[in-house]
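Let me begin by presenting the structure, written as structure tokens, before commenting on it.
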Amino acid sequence: MKYRPSRRTRRFGIGAASVLVLAGMNGPALYRFSSDKYHAYAIDQPEYTARNGHWDVVNVPEKYRINTIHAALLHTGKVLLLAGSGNNAKNFAAKSFRSVLWDPERNTYQNIPTPKDLFCSGHAQLPDGKLLVAGGTQRYEKLKGDVERAGGLMFVHNENPDKPKTFPAGTRFTGRENGKTFESKDPILVPRAKKTTHRKTGKVTVTASTVRVYVEALRKGRKYQTGTEDNYRIAGLKGKDRQNFYGIAQKLSFDKKDFQGIKQAYEFDPVAERYVPVNPMNEARWYPTLTTLKDGKVLAVSGLDEIGQVVPGKNEVYNPKTNKWKYLPKQRFFPTYPALFLTDKGRIFYTGSNAGYGPADKGRTPGIWDPKSNRFDV
């Protein structure tokens with residue numbers, strides 16, 4: 001008589017087969033799981049950590065969690081975590097700018113008063129142990145569809161060689177031809193015009209000074225934009241000032257508005273644990289690179305300026321002994337936030353890596369740059 005397995009035996013056989021099939025299907029996953037467990041165990045062993053070091057996840061308390069854009073180890077052993085507005089437009093509008101000082105040894109945290117939006121600033125170590133922080137955000141970008149008021153770049157001129165003038169934020173400019181009024185978003189200082197006298201003829205020539213400022217229409221709506229160049233009267237001026245001071249602007253429209261930078265610079269004092277203001281840079285910079293040079297000075301390169309354009313090769317150097325900035329004699333263009341590293345001969349290695357703002361065909365080639373001679377070897 002032919003053998004027929006019992007119902008119980010058949011169920012057991014089917015179950016066993018199913019387990020084997022599932023094990024076969026999930027074998028790789030089971031192997032990975034066991035491998036990961038063993039790896040986690042192995043890297044925690046004293047012999048391994050002594051030889052290779054060890055990474056830990058830091059559980060930062062909620063009230064100290066920030067969107068850190070810079071992290072710098074200080075000579076005190078503490079780490080400065082710098083966020084500014086943390087890439088958050090609401091924080092920027094509320095002037096909520098943050099830095100946190102972390103002590104890894106004690107695992108303690110401290111909020112540091114932060115004077116400006118240092119989000120997308122640059123930073124570099126100074127010889128005395130302080131940290132130089134320069135640049136940051138003057139205004140957030142607005143995409144083309146988000147721009148509500150016509151605006152753009154206004155050139156403010158001064159033809160008086162004997163008198164500079166400061167114009168506060170909110171100064172109004174009215175077009176002589178188009179009759180439309182715009183107001184400045186930031187304060188500006190317009191220097192004296194330059195006066196030269198010809199040695200032989202005695203003829204005096206006056207060259208107007210020029211400062212740029214971002215302006216916006218007073219009201220929302222397409223009818224307030226302009227499409228051609230115009231000369232703009234400045235509200236509140238009297239007498240000869242009405243002729244000597246004036247604005248000139250091209251198109252003031254609803255085009256995309258890029259991030260805009262600031263000129264402010266600070267030294268962070270690790271002992272006093274506070275930001276100390278120093279002389280501002282010559283150029284406003286958002287997303288610059290700061291690199292410490294062989295002599296202890298600091299090079300500042302690139303960034304978006306106060307009207308959202310890439311600084312056109314005007315690189316400058318900070319002297320920590322005088323707290324002053326000085327332009328390099330020759331210009332060299334870099335896109336925003338270029339990756340620059342000091343070499344043993346005092347030259348700068350540019351990897352070609354950058355944050356992207358700038359022409360696609362300019363300043364993208366890696367190489368070795370000598371800031372003194374401006375020589376660049378590919």
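Chain identifiers are assigned as A, B, and so on, following the order in which chains appear in the structure tokens; residues are numbered from 1 within each chain, and ligands are numbered from 1 in order of appearance.
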- request: Excluding Thr171 in chain A and residues on its chain fewer than 2 positions from it, collect all residues at most 7 Å away from it, counting only C-alpha atoms, and give them as a ChimeraX atom specification.
  value: /A:167-169,173,183-184,235
Could you save the residues just selected, with N, CA, C and O atoms, as a PDB file, in the first residue's frame?
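The result, written out as again.pdb:
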```
ATOM      1  N   PHE A 167      22.844 109.379   3.395  1.00  0.00           N
ATOM      2  CA  PHE A 167      21.410 109.241   3.139  1.00  0.00           C
ATOM      3  C   PHE A 167      20.899 108.029   3.913  1.00  0.00           C
ATOM      4  O   PHE A 167      21.414 106.925   3.757  1.00  0.00           O
ATOM      5  N   PRO A 168      19.897 108.204   4.754  1.00  0.00           N
ATOM      6  CA  PRO A 168      19.390 107.089   5.563  1.00  0.00           C
ATOM      7  C   PRO A 168      18.556 106.122   4.725  1.00  0.00           C
ATOM      8  O   PRO A 168      18.124 106.440   3.604  1.00  0.00           O
ATOM      9  N   ALA A 169      18.328 104.951   5.274  1.00  0.00           N
ATOM     10  CA  ALA A 169      17.385 104.014   4.651  1.00  0.00           C
ATOM     11  C   ALA A 169      16.022 104.689   4.573  1.00  0.00           C
ATOM     12  O   ALA A 169      15.620 105.397   5.491  1.00  0.00           O
ATOM     13  N   PHE A 173      13.619 108.563  -4.082  1.00  0.00           N
ATOM     14  CA  PHE A 173      14.144 108.988  -5.377  1.00  0.00           C
ATOM     15  C   PHE A 173      12.979 109.040  -6.368  1.00  0.00           C
ATOM     16  O   PHE A 173      12.271 108.034  -6.536  1.00  0.00           O
ATOM     17  N   GLU A 183      12.271 104.027  -2.921  1.00  0.00           N
ATOM     18  CA  GLU A 183      12.986 104.361  -1.695  1.00  0.00           C
ATOM     19  C   GLU A 183      14.110 103.373  -1.444  1.00  0.00           C
ATOM     20  O   GLU A 183      14.009 102.179  -1.778  1.00  0.00           O
ATOM     21  N   SER A 184      15.199 103.884  -0.846  1.00  0.00           N
ATOM     22  CA  SER A 184      16.360 103.044  -0.558  1.00  0.00           C
ATOM     23  C   SER A 184      16.072 102.139   0.630  1.00  0.00           C
ATOM     24  O   SER A 184      15.348 102.506   1.551  1.00  0.00           O
ATOM     25  N   ALA A 235      14.656 113.322  -2.555  1.00  0.00           N
ATOM     26  CA  ALA A 235      13.739 114.092  -1.709  1.00  0.00           C
ATOM     27  C   ALA A 235      14.476 114.728  -0.533  1.00  0.00           C
ATOM     28  O   ALA A 235      15.403 114.147   0.042  1.00  0.00           O
TER      29      ALA A 235
END
```
- request: Name the residues of range 232-299 of chain A that fall into alpha helix (DSSP H) according to DSSP on the backbone, using the chain letters and numbers of this document, as number ranges by chain.
  value: A: 241-244
- request: For Asn374 in chain A, list every protein, DNA or RNA residue within 8 Å, evaluated using only C-alpha atoms, and leave out those in the same chain fewer than 6 positions away; present the list as number ranges by chain.
  value: A: 330-332
Output for the residues just chosen: N, CA and C atoms as a short mmCIF file (atom, residue, chain, number, x, y, z; two decimals), in the first residue's frame:
```
data_model
loop_
_atom_site.label_atom_id
_atom_site.label_comp_id
_atom_site.auth_asym_id
_atom_site.auth_seq_id
_atom_site.Cartn_x
_atom_site.Cartn_y
_atom_site.Cartn_z
N LYS A 330 45.74 93.76 -7.66
CA LYS A 330 45.18 93.24 -8.91
C LYS A 330 43.96 92.37 -8.63
N GLN A 331 43.01 92.40 -9.53
CA GLN A 331 41.77 91.67 -9.34
C GLN A 331 41.85 90.25 -9.91
N ARG A 332 41.13 89.34 -9.27
CA ARG A 332 40.96 87.99 -9.80
C ARG A 332 39.58 87.50 -9.41
#
```
query: When you draw a straight line from CA of Lys220 in chain A to CA of Asn178 in chain A, how long is it in Å?
result: 16.8 Å
- request: Would you please work out which residue, of A:Asp128, A:Asp186, A:Asp255, A:Asp117, is nearest to Asp146 in chain A when using only C-alpha atoms?
  value: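 Once distances to Asp146 in chain A are computed over only C-alpha atoms, the minimum belongs to A:Asp255.
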- request: Skip Ile43 in chain A itself and residues of its chain fewer than 4 positions away, then list as a list in words all residues within 12 Å of it, counting only C-alpha atoms.
  value: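 Answer for this query is Asp36, Lys37, Tyr38, His39, Glu47, Tyr48, Thr49, Ala50, Arg51, Asn52, Gly53, His54, Trp55 and Asp56 of chain A.
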Pairwise distance for CA of Ala249 in chain A and CA of Asn160 in chain A, rounded to one decimal in Å: 20.1 Å
Sort by chain and increasing residue number a table of all residues of range 137-211 of chain A within 12 Å of range 118-121 of chain A, each with its closest pair of atoms and their distance in Å to one decimal, counting only C-alpha atoms, and write it as JSON lines.
```
{"residue": "A:Thr137", "atom": "CA", "partner": "A:Phe119", "partner_atom": "CA", "distance": 6.2}
{"residue": "A:Gln138", "atom": "CA", "partner": "A:Leu118", "partner_atom": "CA", "distance": 9.4}
{"residue": "A:Arg139", "atom": "CA", "partner": "A:Phe119", "partner_atom": "CA", "distance": 10.9}
{"residue": "A:Tyr140", "atom": "CA", "partner": "A:Phe119", "partner_atom": "CA", "distance": 10.6}
```
Could you turn the residues from that selection into a file that holds all heavy atoms, as a compact mmCIF listing (two decimals), in the first residue's frame?
```txt
# COMPACT_ATOMS: atom_id res chain seq x y z
N THR A 137 24.26 88.14 5.66
CA THR A 137 23.05 88.40 4.88
C THR A 137 22.45 89.76 5.19
O THR A 137 22.10 90.05 6.33
CB THR A 137 21.99 87.30 5.16
OG1 THR A 137 22.58 86.01 4.98
CG2 THR A 137 20.80 87.45 4.22
N GLN A 138 22.34 90.57 4.15
CA GLN A 138 21.64 91.85 4.25
C GLN A 138 20.16 91.69 3.89
O GLN A 138 19.29 92.33 4.45
CB GLN A 138 22.29 92.87 3.30
CG GLN A 138 21.58 94.21 3.21
CD GLN A 138 21.69 95.00 4.50
OE1 GLN A 138 22.67 94.86 5.23
NE2 GLN A 138 20.71 95.82 4.79
N ARG A 139 19.91 90.80 2.92
CA ARG A 139 18.53 90.60 2.47
C ARG A 139 18.42 89.22 1.83
O ARG A 139 19.35 88.77 1.14
CB ARG A 139 18.14 91.69 1.46
CG ARG A 139 16.65 91.74 1.15
CD ARG A 139 16.29 93.07 0.46
NE ARG A 139 16.39 94.18 1.41
CZ ARG A 139 17.36 95.08 1.39
NH1 ARG A 139 18.31 95.03 0.48
NH2 ARG A 139 17.39 96.05 2.29
N TYR A 140 17.31 88.53 2.06
CA TYR A 140 17.07 87.21 1.47
C TYR A 140 16.67 87.32 0.01
O TYR A 140 16.13 88.35 -0.42
CB TYR A 140 15.98 86.48 2.25
CG TYR A 140 16.51 85.58 3.34
CD1 TYR A 140 17.17 86.10 4.44
CD2 TYR A 140 16.37 84.20 3.25
CE1 TYR A 140 17.66 85.28 5.43
CE2 TYR A 140 16.86 83.37 4.24
CZ TYR A 140 17.51 83.91 5.33
OH TYR A 140 18.01 83.08 6.31
```
- request: Select, from A:Val147, A:Leu290, A:Ala360, A:Val215, the residue with the minimum atom-to-atom distance to Tyr337 in chain A, counting only C-alpha atoms.
  value: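 Of A:Val147, A:Leu290, A:Ala360, A:Val215, the one nearest Tyr337 in chain A, counting only C-alpha atoms, is A:Leu290.
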task: Would you list the contacts of range 200-206 of chain A as a ChimeraX atom specification, taking every protein, DNA or RNA residue within 12 Å and counting only C-alpha atoms, but skipping same-chain residues closer than 2 positions in sequence?
output: /A:158-162,192-198,208-209,244
- request: Please provide the set of residues having any atom within 7 Å of Asp258 in chain A, restricted to only C-alpha atoms, with same-chain residues fewer than 4 positions apart removed, written as JSON, numbers by chain.
  value: {"A": [141, 142, 308]}
Keeping C-alpha atoms for every residue in the selection just given, could you write it to a file as a compact mmCIF listing (two decimals), in the first residue's frame?
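So out.txt came out as:
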```
# COMPACT_ATOMS: atom_id res chain seq x y z
CA GLU A 141 16.55 86.25 -2.15
CA LYS A 142 13.15 86.48 -3.81
CA GLY A 308 23.09 90.82 -5.08
```
message: Just checking: using only C-alpha atoms, which residue out of A:Gly122, A:Tyr64, A:Tyr275, A:Asp361 ends up closest to Leu340 in chain A?
response: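 Result for the nearest residue to Leu340 in chain A: A:Gly122.
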query: Between A:Gln260, A:Thr174, A:Asn111, A:Gln45, which has the minimum distance to Leu218 in chain A (counting only C-alpha atoms)?
result: A:Thr174
Contacts of Lys372 in chain A within 10 Å, only C-alpha atoms, excl. fewer than 5 positions in-chain, as a ChimeraX atom specification: /A:328-330,346-347
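Checking A:Gly175, A:Gly77, A:Gly84, A:Gly352 one by one against Thr228 in chain A, counting only C-alpha atoms, you find the shortest gap at A:Gly175.
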